[in-house]
$ cat run-v1.cif   # mmCIF, C-alpha atoms
data_query
#
loop_
_atom_site.label_atom_id
_atom_site.label_comp_id
_atom_site.auth_asym_id
_atom_site.auth_seq_id
_atom_site.Cartn_x
_atom_site.Cartn_y
_atom_site.Cartn_z
CA MET A 1 101.65 135.66 98.09
CA ALA A 2 98.23 134.47 99.32
CA GLU A 3 96.35 136.75 101.64
CA HIS A 4 95.48 135.30 105.04
CA ALA A 5 92.99 136.57 107.60
CA LEU A 6 93.90 136.57 111.28
CA LEU A 7 90.54 134.97 112.03
CA SER A 8 90.22 132.68 109.03
CA ALA A 9 87.28 130.37 108.47
CA SER A 10 89.63 127.37 108.25
CA SER A 11 90.89 128.03 111.79
CA ALA A 12 87.48 129.01 113.22
CA HIS A 13 87.10 125.74 115.11
CA ARG A 14 90.22 126.68 117.05
CA TRP A 15 89.67 130.38 117.76
CA LEU A 16 86.02 129.84 118.65
CA MET A 17 87.12 127.36 121.33
CA CYS A 18 90.30 129.20 122.37
CA PRO A 19 89.98 132.89 121.36
CA PRO A 20 93.50 134.08 122.42
CA SER A 21 95.17 131.41 120.28
CA ALA A 22 94.64 133.44 117.10
CA LYS A 23 96.94 136.22 118.33
CA LEU A 24 99.29 133.88 120.17
CA GLU A 25 100.18 131.82 117.11
CA GLN A 26 101.12 134.93 115.13
CA GLN A 27 104.50 134.73 116.89
CA PHE A 28 105.28 131.56 114.96
CA PRO A 29 105.92 131.14 111.22
CA ASP A 30 103.24 129.56 109.05
CA GLU A 31 105.14 126.62 107.61
CA GLY A 32 103.43 124.93 104.71
CA SER A 33 103.50 121.19 104.06
CA SER A 34 103.54 118.87 101.08
CA TYR A 35 100.04 117.73 102.09
CA ALA A 36 98.74 121.30 101.86
CA ALA A 37 100.43 121.77 98.48
CA GLU A 38 98.94 118.49 97.26
CA GLY A 39 95.50 119.65 98.37
CA THR A 40 95.96 122.96 96.57
CA LEU A 41 96.77 121.14 93.34
CA ALA A 42 93.73 118.86 93.70
CA HIS A 43 91.56 121.94 94.29
CA SER A 44 92.90 123.52 91.09
CA ILE A 45 92.00 120.41 89.08
CA ALA A 46 88.56 120.29 90.70
CA GLU A 47 87.98 123.98 89.99
CA LEU A 48 88.90 123.48 86.33
CA LYS A 49 86.38 120.64 85.98
CA VAL A 50 83.55 122.50 87.72
CA ARG A 51 84.28 125.67 85.78
CA LYS A 52 84.11 123.77 82.48
CA GLN A 53 80.89 122.02 83.46
CA PHE A 54 78.92 124.93 84.85
CA VAL A 55 80.61 128.32 84.65
CA GLU A 56 82.26 129.11 81.34
CA PRO A 57 82.38 127.65 77.83
CA MET A 58 85.53 125.60 77.45
CA GLY A 59 86.33 123.47 74.42
CA PRO A 60 88.16 120.14 74.67
CA ARG A 61 91.48 121.64 73.56
CA LYS A 62 91.39 124.51 76.06
CA PHE A 63 90.44 122.13 78.88
CA ALA A 64 93.12 119.59 77.89
CA ASN A 65 95.82 122.28 77.78
CA ALA A 66 94.80 123.67 81.17
CA LEU A 67 94.72 120.18 82.69
CA LYS A 68 98.08 119.27 81.14
CA LYS A 69 99.65 122.30 82.77
CA LEU A 70 98.37 121.19 86.17
CA GLN A 71 99.56 117.62 85.54
CA GLU A 72 103.10 118.90 85.11
CA ASP A 73 103.21 119.70 88.82
CA PRO A 74 105.61 117.28 90.62
CA LEU A 75 102.89 116.55 93.19
CA TYR A 76 100.40 115.40 90.54
CA GLN A 77 99.08 111.84 90.86
CA GLU A 78 96.81 110.08 88.38
CA GLU A 79 94.30 109.28 91.13
CA MET A 80 93.54 113.00 91.47
CA LEU A 81 91.43 112.74 88.32
CA GLU A 82 89.21 110.07 89.85
CA TYR A 83 88.87 111.84 93.20
CA THR A 84 88.04 115.21 91.67
CA ASP A 85 85.47 113.47 89.45
CA ARG A 86 83.69 112.31 92.60
CA TYR A 87 83.60 115.90 93.82
CA LEU A 88 82.21 117.01 90.46
CA ASP A 89 79.58 114.25 90.57
CA GLU A 90 78.33 115.50 93.94
CA ILE A 91 77.99 119.03 92.57
CA LYS A 92 76.10 117.65 89.56
CA ARG A 93 73.74 115.83 91.93
CA ILE A 94 73.07 119.05 93.86
CA VAL A 95 72.56 121.11 90.69
CA LEU A 96 70.10 118.53 89.30
CA SER A 97 68.12 118.62 92.55
CA TYR A 98 66.89 122.14 91.72
CA PRO A 99 63.62 122.45 89.76
CA ALA A 100 65.25 125.05 87.48
CA LYS A 101 68.84 125.68 86.46
CA PRO A 102 70.62 127.29 89.46
CA TYR A 103 73.44 129.80 89.60
CA VAL A 104 76.86 128.16 90.07
CA ALA A 105 80.07 129.92 91.13
CA VAL A 106 83.53 128.56 91.95
CA GLU A 107 86.36 129.90 94.09
CA GLN A 108 84.33 132.85 95.35
CA ARG A 109 85.77 135.25 97.91
CA LEU A 110 83.26 135.32 100.77
CA ASP A 111 83.40 138.22 103.20
CA PHE A 112 81.96 137.69 106.69
CA SER A 113 83.73 140.63 108.32
CA ALA A 114 80.35 141.91 109.59
CA PHE A 115 80.71 139.22 112.27
CA VAL A 116 84.44 138.44 112.27
CA PRO A 117 86.94 141.34 112.14
CA GLY A 118 88.76 141.09 108.80
CA GLY A 119 87.08 137.76 108.16
CA PHE A 120 86.93 136.31 104.66
CA GLY A 121 87.46 132.99 102.93
CA THR A 122 87.16 131.28 99.57
CA GLY A 123 84.18 129.07 98.83
CA ASP A 124 85.02 126.13 96.57
CA CYS A 125 81.55 126.01 95.00
CA ILE A 126 78.36 128.01 95.53
CA VAL A 127 75.01 126.85 94.11
CA ILE A 128 71.92 129.07 94.47
CA GLY A 129 68.43 128.69 93.11
CA GLY A 130 65.02 129.77 94.37
CA ASP A 131 65.27 130.12 98.14
CA GLU A 132 68.04 127.50 98.64
CA LEU A 133 71.78 128.10 98.99
CA ASN A 134 74.33 125.30 98.78
CA VAL A 135 77.97 125.69 99.83
CA ILE A 136 80.15 122.76 98.77
CA ASP A 137 83.70 122.27 100.04
CA LEU A 138 86.34 119.81 98.82
CA LYS A 139 88.58 118.24 101.47
CA TYR A 140 91.40 116.30 99.80
CA GLY A 141 93.00 115.05 103.02
CA LYS A 142 92.54 111.46 104.13
CA GLY A 143 93.80 111.59 107.71
CA VAL A 144 90.55 112.44 109.50
CA ALA A 145 86.98 112.54 108.20
CA VAL A 146 85.59 116.08 108.44
CA GLU A 147 81.88 116.42 109.16
CA ALA A 148 79.65 119.24 107.90
CA LYS A 149 77.40 119.27 110.96
CA ASP A 150 78.25 122.19 113.25
CA ASN A 151 81.32 122.87 111.11
CA PRO A 152 82.24 126.55 111.73
CA GLN A 153 84.35 126.89 108.58
CA LEU A 154 81.48 125.88 106.29
CA ARG A 155 79.00 127.93 108.29
CA LEU A 156 81.14 131.04 107.97
CA TYR A 157 81.42 130.45 104.21
CA ALA A 158 77.62 130.19 104.16
CA VAL A 159 77.31 133.45 106.13
CA GLY A 160 79.58 135.13 103.58
CA ALA A 161 77.49 133.72 100.73
CA VAL A 162 74.26 134.95 102.31
CA LEU A 163 75.74 138.42 102.69
CA ARG A 164 77.00 138.40 99.08
CA TYR A 165 73.91 137.03 97.35
CA GLY A 166 71.13 137.87 99.79
CA MET A 167 70.10 140.97 97.85
CA LEU A 168 69.61 138.91 94.68
CA TYR A 169 68.02 135.76 96.09
CA ASP A 170 65.39 135.26 98.80
CA ILE A 171 67.51 132.66 100.61
CA ARG A 172 65.63 130.76 103.30
CA THR A 173 67.45 127.43 103.49
CA VAL A 174 71.21 126.92 103.68
CA ARG A 175 72.92 123.59 103.09
CA THR A 176 76.64 123.01 103.54
CA THR A 177 78.34 119.92 102.12
CA ILE A 178 81.83 118.52 102.60
CA VAL A 179 83.12 116.11 99.95
CA GLN A 180 86.13 114.07 101.08
CA PRO A 181 86.61 111.65 98.16
CA ARG A 182 89.72 109.88 99.45
CA LEU A 183 87.65 108.69 102.41
CA ASN A 184 84.47 108.11 100.38
CA SER A 185 82.83 110.64 102.66
CA VAL A 186 80.08 113.14 101.84
CA SER A 187 78.36 114.91 104.73
CA SER A 188 75.86 117.77 104.81
CA GLU A 189 74.13 120.09 107.21
CA GLU A 190 70.89 121.94 106.47
CA LEU A 191 69.53 124.79 108.55
CA PRO A 192 67.26 127.80 108.11
CA LYS A 193 69.04 130.97 107.06
CA ASN A 194 67.74 132.78 110.14
CA ASP A 195 69.29 130.15 112.43
CA LEU A 196 72.61 130.49 110.62
CA MET A 197 72.66 134.26 111.02
CA LEU A 198 71.61 134.02 114.67
CA TRP A 199 74.57 131.70 115.26
CA ALA A 200 76.86 134.25 113.65
CA GLU A 201 75.44 137.13 115.67
CA ALA A 202 75.09 135.48 119.08
CA LEU A 203 78.11 133.15 119.21
CA VAL A 204 80.63 134.08 116.54
CA LYS A 205 80.54 137.88 116.73
CA PRO A 206 81.43 138.32 120.44
CA THR A 207 83.97 135.49 120.40
CA ALA A 208 85.65 136.84 117.25
CA ALA A 209 85.84 140.33 118.79
CA ALA A 210 87.69 138.89 121.80
CA ALA A 211 89.94 136.75 119.58
CA ALA A 212 90.93 139.73 117.43
CA GLU A 213 92.22 141.49 120.56
CA GLY A 214 93.89 138.40 122.03
CA LYS A 215 91.37 138.29 124.86
CA GLY A 216 89.32 135.47 126.35
CA SER A 217 90.35 132.25 128.04
CA TYR A 218 92.85 129.73 126.74
CA PHE A 219 91.23 126.32 126.41
CA ALA A 220 93.08 123.22 125.19
CA GLY A 221 91.59 120.34 123.24
CA GLU A 222 91.85 118.40 119.99
CA TRP A 223 91.73 121.71 118.09
CA CYS A 224 95.29 122.44 119.33
CA ARG A 225 96.94 120.07 116.85
CA PHE A 226 97.06 122.62 114.02
CA CYS A 227 97.86 125.66 116.19
CA ARG A 228 101.32 127.08 115.50
CA ALA A 229 101.75 127.81 119.23
CA ARG A 230 100.89 124.23 120.24
CA THR A 231 104.41 123.31 121.37
CA GLN A 232 105.00 126.09 123.87
CA CYS A 233 101.41 126.79 124.88
CA LYS A 234 101.06 126.62 128.67
CA ALA A 235 97.32 125.97 128.52
CA ARG A 236 97.97 122.81 126.51
CA ALA A 237 100.63 121.70 128.98
CA THR A 238 98.28 122.30 131.90
CA HIS A 239 95.57 120.27 130.13
CA TYR A 240 97.78 117.18 130.18
CA LEU A 241 99.69 117.76 133.39
CA THR A 242 96.46 117.90 135.42
CA LEU A 243 96.60 114.12 135.27
CA ASP A 244 98.86 114.36 138.32
CA LYS A 245 95.76 115.00 140.46
CA TYR A 246 95.23 111.25 140.52
CA GLU A 247 98.63 110.78 142.19
CA LYS A 248 97.45 112.88 145.11
CA LYS A 249 94.32 110.82 145.76
CA ASP A 250 94.12 108.22 148.48
CA PRO A 251 95.57 104.88 147.36
CA GLY A 252 93.07 102.43 145.96
CA LEU A 253 91.41 101.57 142.70
CA LEU A 254 90.38 104.11 140.06
CA SER A 255 86.66 104.36 139.40
CA ASP A 256 85.25 103.95 135.90
CA ALA A 257 84.53 107.69 135.87
CA GLU A 258 88.16 108.48 136.74
CA ILE A 259 89.44 106.10 134.08
CA GLY A 260 87.15 107.76 131.52
CA ASP A 261 88.51 111.19 132.47
CA ILE A 262 92.13 110.02 132.22
CA LEU A 263 91.54 108.44 128.80
CA TYR A 264 89.85 111.60 127.54
CA ARG A 265 92.72 113.81 128.66
CA ALA A 266 95.42 111.42 127.49
CA GLN A 267 94.07 110.63 124.01
CA ASP A 268 96.18 113.42 122.48
CA LEU A 269 99.03 113.12 125.00
CA LYS A 270 101.27 111.24 122.57
CA ALA A 271 100.87 113.98 119.95
CA TRP A 272 101.71 116.66 122.53
CA VAL A 273 104.88 114.86 123.61
CA ALA A 274 105.87 114.40 119.95
CA ASP A 275 105.43 118.16 119.41
CA LEU A 276 107.66 118.87 122.42
CA GLU A 277 110.33 116.47 121.16
CA GLU A 278 110.30 118.05 117.70
CA TYR A 279 110.66 121.53 119.20
CA ALA A 280 113.43 120.51 121.62
CA LEU A 281 115.39 118.79 118.82
CA ALA A 282 115.16 121.90 116.64
CA GLN A 283 116.34 124.05 119.56
CA THR A 284 119.38 121.87 120.27
CA LEU A 285 120.32 121.71 116.58
CA ASN A 286 120.16 125.50 116.49
CA GLY A 287 122.61 125.76 119.39
CA ALA A 288 120.15 126.35 122.23
CA GLU A 289 120.38 124.37 125.45
CA VAL A 290 117.45 122.26 126.59
CA PRO A 291 118.52 121.11 130.09
CA GLY A 292 118.80 117.34 130.32
CA TRP A 293 118.66 116.74 126.57
CA LYS A 294 121.00 116.71 123.57
CA ALA A 295 120.88 115.89 119.87
CA VAL A 296 122.78 112.81 118.69
CA GLU A 297 123.08 110.91 115.43
CA GLY A 298 120.35 108.28 115.24
CA ARG A 299 120.39 104.83 113.70
CA SER A 300 120.85 104.59 109.96
CA LEU A 301 120.40 101.73 107.53
CA ARG A 302 122.75 100.60 104.81
CA GLN A 303 121.62 101.26 101.26
CA PHE A 304 122.81 100.58 97.74
CA THR A 305 124.40 103.45 95.86
CA ASP A 306 123.57 101.56 92.63
CA GLN A 307 121.47 98.43 93.19
CA GLU A 308 121.40 97.49 89.51
CA ALA A 309 125.21 97.56 89.25
CA ALA A 310 125.56 95.57 92.49
CA PHE A 311 123.18 92.85 91.25
CA ARG A 312 124.97 92.72 87.91
CA ALA A 313 128.26 92.16 89.72
CA LEU A 314 126.72 89.37 91.82
CA ILE A 315 125.33 87.65 88.72
CA ASP A 316 128.67 87.94 86.93
CA ALA A 317 130.25 86.33 90.00
CA GLY A 318 127.96 83.31 89.68
CA THR A 319 124.99 84.21 91.87
CA PRO A 320 121.72 82.91 90.27
CA GLU A 321 119.53 85.83 89.19
CA ALA A 322 116.43 84.14 90.67
CA MET A 323 118.05 84.37 94.10
CA LEU A 324 118.12 88.16 93.94
CA TYR A 325 114.47 88.77 93.07
CA GLU A 326 111.18 87.70 94.59
CA ARG A 327 107.71 87.66 93.12
CA LYS A 328 104.78 88.48 95.39
CA PRO A 329 101.18 89.57 94.81
CA LEU A 330 100.00 93.11 95.43
CA THR A 331 97.98 93.85 98.53
CA LEU A 332 94.21 94.30 98.17
CA ALA A 333 94.51 98.09 98.40
CA ALA A 334 97.39 98.22 95.91
CA THR A 335 95.48 95.98 93.48
CA GLU A 336 92.39 98.21 93.69
CA LYS A 337 94.54 101.28 93.02
CA ALA A 338 96.26 99.58 90.06
CA VAL A 339 93.11 98.46 88.22
CA GLY A 340 90.68 101.15 89.42
CA LYS A 341 87.87 100.96 91.95
CA ALA A 342 85.09 100.21 89.48
CA THR A 343 86.92 97.38 87.71
CA PHE A 344 88.12 95.97 91.02
CA ALA A 345 84.60 95.96 92.50
CA GLU A 346 83.09 94.36 89.39
CA ILE A 347 85.65 91.57 88.98
CA CYS A 348 86.97 90.97 92.49
CA GLY A 349 83.81 91.68 94.48
CA PRO A 350 82.83 87.96 94.81
CA TYR A 351 86.27 87.20 96.25
CA ILE A 352 86.32 89.90 98.93
CA ASP A 353 85.37 89.36 102.54
CA LYS A 354 85.36 92.07 105.19
CA PRO A 355 85.09 90.46 108.63
CA ALA A 356 83.93 92.33 111.71
CA GLY A 357 86.66 94.42 113.28
CA LYS A 358 88.17 93.77 116.67
CA PRO A 359 86.34 95.65 119.47
CA THR A 360 88.02 99.02 119.94
CA LEU A 361 87.58 101.69 122.59
CA VAL A 362 86.82 105.16 121.16
CA PRO A 363 85.34 108.43 122.50
CA ASP A 364 81.53 108.51 122.57
CA THR A 365 81.59 111.16 119.84
CA ASP A 366 82.64 108.46 117.33
CA LYS A 367 79.85 107.85 114.79
CA ARG A 368 80.14 104.04 114.86
CA PRO A 369 77.39 102.25 116.83
CA ALA A 370 78.33 100.95 120.27
CA ILE A 371 78.50 97.23 121.02
CA ILE A 372 75.59 96.95 123.41
CA ASN A 373 75.22 93.18 123.58
CA LYS A 374 77.41 92.33 126.58
CA THR A 375 77.49 88.63 125.72
CA THR A 376 78.65 89.38 122.18
CA ALA A 377 81.33 91.75 123.43
CA ALA A 378 82.56 89.27 126.03
CA GLU A 379 82.74 86.52 123.41
CA ALA A 380 84.61 88.82 121.03
CA PHE A 381 87.20 89.76 123.65
CA GLY A 382 87.37 86.18 124.90
CA ALA A 383 88.15 84.94 121.43
CA GLU A 384 91.26 87.10 121.47
#
$ encode --input "run-v1.cif" --output "structure tokens"
Amino acid sequence: MAEHALLSASSAHRWLMCPPSAKLEQQFPDEGSSYAAEGTLAHSIAELKVRKQFVEPMGPRKFANALKKLQEDPLYQEEMLEYTDRYLDEIKRIVLSYPAKPYVAVEQRLDFSAFVPGGFGTGDCIVIGGDELNVIDLKYGKGVAVEAKDNPQLRLYAVGAVLRYGMLYDIRTVRTTIVQPRLNSVSSEELPKNDLMLWAEALVKPTAAAAAEGKGSYFAGEWCRFCRARTQCKARATHYLTLDKYEKKDPGLLSDAEIGDILYRAQDLKAWVADLEEYALAQTLNGAEVPGWKAVEGRSLRQFTDQEAAFRALIDAGTPEAMLYERKPLTLAATEKAVGKATFAEICGPYIDKPAGKPTLVPDTDKRPAIINKTTAAEAFGAE
């Protein structure tokens, strides 16, 4: 069974913002998901490739046998080879940026317990040469792009790497990189080693000490979505229910500032309600009573028990076979996946058009540039 730290690097974004959450969520089971298992498999394939390239001699037969064993996993998909190649290519680029051959390590246990009680994590790839340390992390998910800038997980890995290798290398510059190949995303952050360690000492250390004891203030935000206590957490409920303050105001029109505040608070409201519904359904199915609610059988759709046999019977009864099947082209995305990105770009590139997207309202933290030409925006909305 894998060992897990109470204050893990992967959950640092949450416990740094809401220190008591680390203890609170211990009351709830850590339920894995198929997405996590898929990511673990992709990491294993990536590790094998990096290890062969930089860490240990590995002949073609040994590599092929090791890869074949991983490919036997039911979650394996052929596209994992392409995506892990992109991760490997980024590591190659970083290694070649050094004036001399650097030290490369994979899947290194990194201990940062000097700042976080019991804190440790596993660095996907560490590259060190001269006075520069690189920490590279593979993110196989494709739901949300993860940025390296101000990323506490990567920074804690870097702290652990500095503590582990600082006696051997005169590290002065630290660079963290996140490779998210399924989103074509590579992001990095570079900072002086002294700044990194000051961050760990001044911000992380006192917050982690409070989190380890379940102390500090509860504070809800987007970081709640992966917290195991998210369904029953009162702080999260209060965060959304404070919207009722607008009902108590004098009647009239909302100001732009009030609308902005409501949108900010409500952007994760749907996810919160979905979490509550999932919890309440599980409670009712387990025999508990949730006043005002009950579990019922939902809609279901008819389905063939044996479609091939059914079609054969229809054809034998005189139904034309052409009536039972339809031919339609693949979507653009499906075509690209079928033939491969490189081939698709080379052959189909002249036939692809990507028009401007419809104006969309997003938080100001979104990296896309704002539409600042009022005439252009008005025309765009007017065209709709």
$ residues_around --input "run-v1.cif" --residues "Gly141 in chain A" --least-positions-apart "5" --cutoff "10 Å" --atoms "all atoms listed in the file" --output "list in words"
Tyr35, Ala36, Glu38, Gly39, Val146, Gln180, Pro181, Arg182 and Leu183 of chain A
$ closest_residue --input "run-v1.cif" --among "A:Ala64, A:Ala257, A:Ala12, A:Met17" --to "Leu156 in chain A" --atoms "all atoms listed in the file"
A:Ala12
$ closest_residue --input "run-v1.cif" --among "A:Leu81, A:Val362, A:Ser10, A:Ala280" --to "Gly292 in chain A" --atoms "all atoms listed in the file"
A:Ala280
$ closest_residue --input "run-v1.cif" --among "A:Arg327, A:Gln303, A:Ala158, A:Cys125" --to "Val55 in chain A" --atoms "only C-alpha atoms"
A:Cys125
$ resolve_selection --input "run-v1.cif" --expression "the PyMOL selection byres ((chain A and resi 294) around 12)" --output "PyMOL selection string"
chain A and resi 277+280-293+295-298
$ write_last_selection --input "run-v1.cif" --atoms "C-alpha atoms" --output "compact mmCIF listing (two decimals), keeping the file's coordinate frame"
# COMPACT_ATOMS: atom_id res chain seq x y z
CA GLU A 277 110.33 116.47 121.16
CA ALA A 280 113.43 120.51 121.62
CA LEU A 281 115.39 118.79 118.82
CA ALA A 282 115.16 121.90 116.64
CA GLN A 283 116.34 124.05 119.56
CA THR A 284 119.38 121.87 120.27
CA LEU A 285 120.32 121.71 116.58
CA ASN A 286 120.16 125.50 116.49
CA GLY A 287 122.61 125.76 119.39
CA ALA A 288 120.15 126.35 122.23
CA GLU A 289 120.38 124.37 125.45
CA VAL A 290 117.45 122.26 126.59
CA PRO A 291 118.52 121.11 130.09
CA GLY A 292 118.80 117.34 130.32
CA TRP A 293 118.66 116.74 126.57
CA ALA A 295 120.88 115.89 119.87
CA VAL A 296 122.78 112.81 118.69
CA GLU A 297 123.08 110.91 115.43
CA GLY A 298 120.35 108.28 115.24
$ atom_distance --input "run-v1.cif" --atom1 "CA of Gln26 in chain A" --atom2 "CA of Pro206 in chain A"
20.7 Å
$ closest_residue --input "run-v1.cif" --among "A:Leu67, A:Ile136, A:Ala114, A:Leu41" --to "Ile94 in chain A" --atoms "all atoms listed in the file"
A:Ile136
$ closest_residue --input "run-v1.cif" --among "A:Tyr325, A:Phe54, A:Tyr351, A:Trp223" --to "Ile126 in chain A" --atoms "all atoms listed in the file"
A:Phe54
$ residues_around --input "run-v1.cif" --residues "Phe115 in chain A" --least-positions-apart "2" --cutoff "10 Å" --atoms "only C-alpha atoms" --output "count of residues only"
20
$ closest_residue --input "run-v1.cif" --among "A:Arg93, A:Lys215, A:Arg172, A:Lys49" --to "Pro19 in chain A" --atoms "all atoms listed in the file"
A:Lys215
$ residues_around --input "run-v1.cif" --residues "Ala9 in chain A" --least-positions-apart "4" --cutoff "9 Å" --atoms "only C-alpha atoms" --output "list in words"
Ala5, His13, Gly119, Phe120, Gly121, Thr122, Pro152, Gln153, Leu154, Arg155, Leu156 and Tyr157 of chain A
$ build_atoms --input "run-v1.cif" --residues "range 44-65 of chain A" --atoms "N, CA and C atoms" --output "compact mmCIF listing (two decimals), in the frame of the given file"
# COMPACT_ATOMS: atom_id res chain seq x y z
N SER A 44 92.78 122.86 92.40
CA SER A 44 92.90 123.52 91.09
C SER A 44 92.31 122.65 89.99
N ILE A 45 92.56 121.34 90.07
CA ILE A 45 92.00 120.41 89.08
C ILE A 45 90.49 120.36 89.21
N ALA A 46 90.01 120.32 90.47
CA ALA A 46 88.56 120.29 90.70
C ALA A 46 87.90 121.57 90.19
N GLU A 47 88.53 122.70 90.45
CA GLU A 47 87.98 123.98 89.99
C GLU A 47 87.88 124.00 88.46
N LEU A 48 88.90 123.51 87.79
CA LEU A 48 88.90 123.48 86.33
C LEU A 48 87.71 122.67 85.81
N LYS A 49 87.47 121.52 86.43
CA LYS A 49 86.38 120.64 85.98
C LYS A 49 85.01 121.28 86.21
N VAL A 50 84.84 121.87 87.41
CA VAL A 50 83.55 122.50 87.72
C VAL A 50 83.33 123.73 86.84
N ARG A 51 84.39 124.47 86.62
CA ARG A 51 84.28 125.67 85.78
C ARG A 51 83.86 125.28 84.36
N LYS A 52 84.46 124.22 83.83
CA LYS A 52 84.11 123.77 82.48
C LYS A 52 82.67 123.29 82.42
N GLN A 53 82.22 122.60 83.46
CA GLN A 53 80.89 122.02 83.46
C GLN A 53 79.78 123.05 83.63
N PHE A 54 80.02 124.06 84.47
CA PHE A 54 78.92 124.93 84.85
C PHE A 54 79.13 126.43 84.63
N VAL A 55 80.37 126.87 84.55
CA VAL A 55 80.61 128.32 84.65
C VAL A 55 80.94 128.99 83.33
N GLU A 56 81.83 128.42 82.56
CA GLU A 56 82.26 129.11 81.34
C GLU A 56 82.45 128.12 80.20
N PRO A 57 82.16 128.53 78.98
CA PRO A 57 82.38 127.65 77.83
C PRO A 57 83.86 127.30 77.73
N MET A 58 84.14 126.03 77.54
CA MET A 58 85.53 125.60 77.45
C MET A 58 85.60 124.38 76.54
N GLY A 59 86.21 124.57 75.36
CA GLY A 59 86.33 123.47 74.42
C GLY A 59 87.30 122.42 74.90
N PRO A 60 87.29 121.24 74.27
CA PRO A 60 88.16 120.14 74.67
C PRO A 60 89.64 120.52 74.66
N ARG A 61 90.06 121.29 73.65
CA ARG A 61 91.48 121.64 73.56
C ARG A 61 91.90 122.57 74.70
N LYS A 62 91.07 123.57 74.98
CA LYS A 62 91.39 124.51 76.06
C LYS A 62 91.44 123.79 77.41
N PHE A 63 90.47 122.89 77.62
CA PHE A 63 90.44 122.13 78.88
C PHE A 63 91.66 121.22 78.97
N ALA A 64 91.99 120.52 77.88
CA ALA A 64 93.12 119.59 77.89
C ALA A 64 94.43 120.33 78.16
N ASN A 65 94.59 121.50 77.57
CA ASN A 65 95.82 122.28 77.78
C ASN A 65 95.93 122.75 79.22
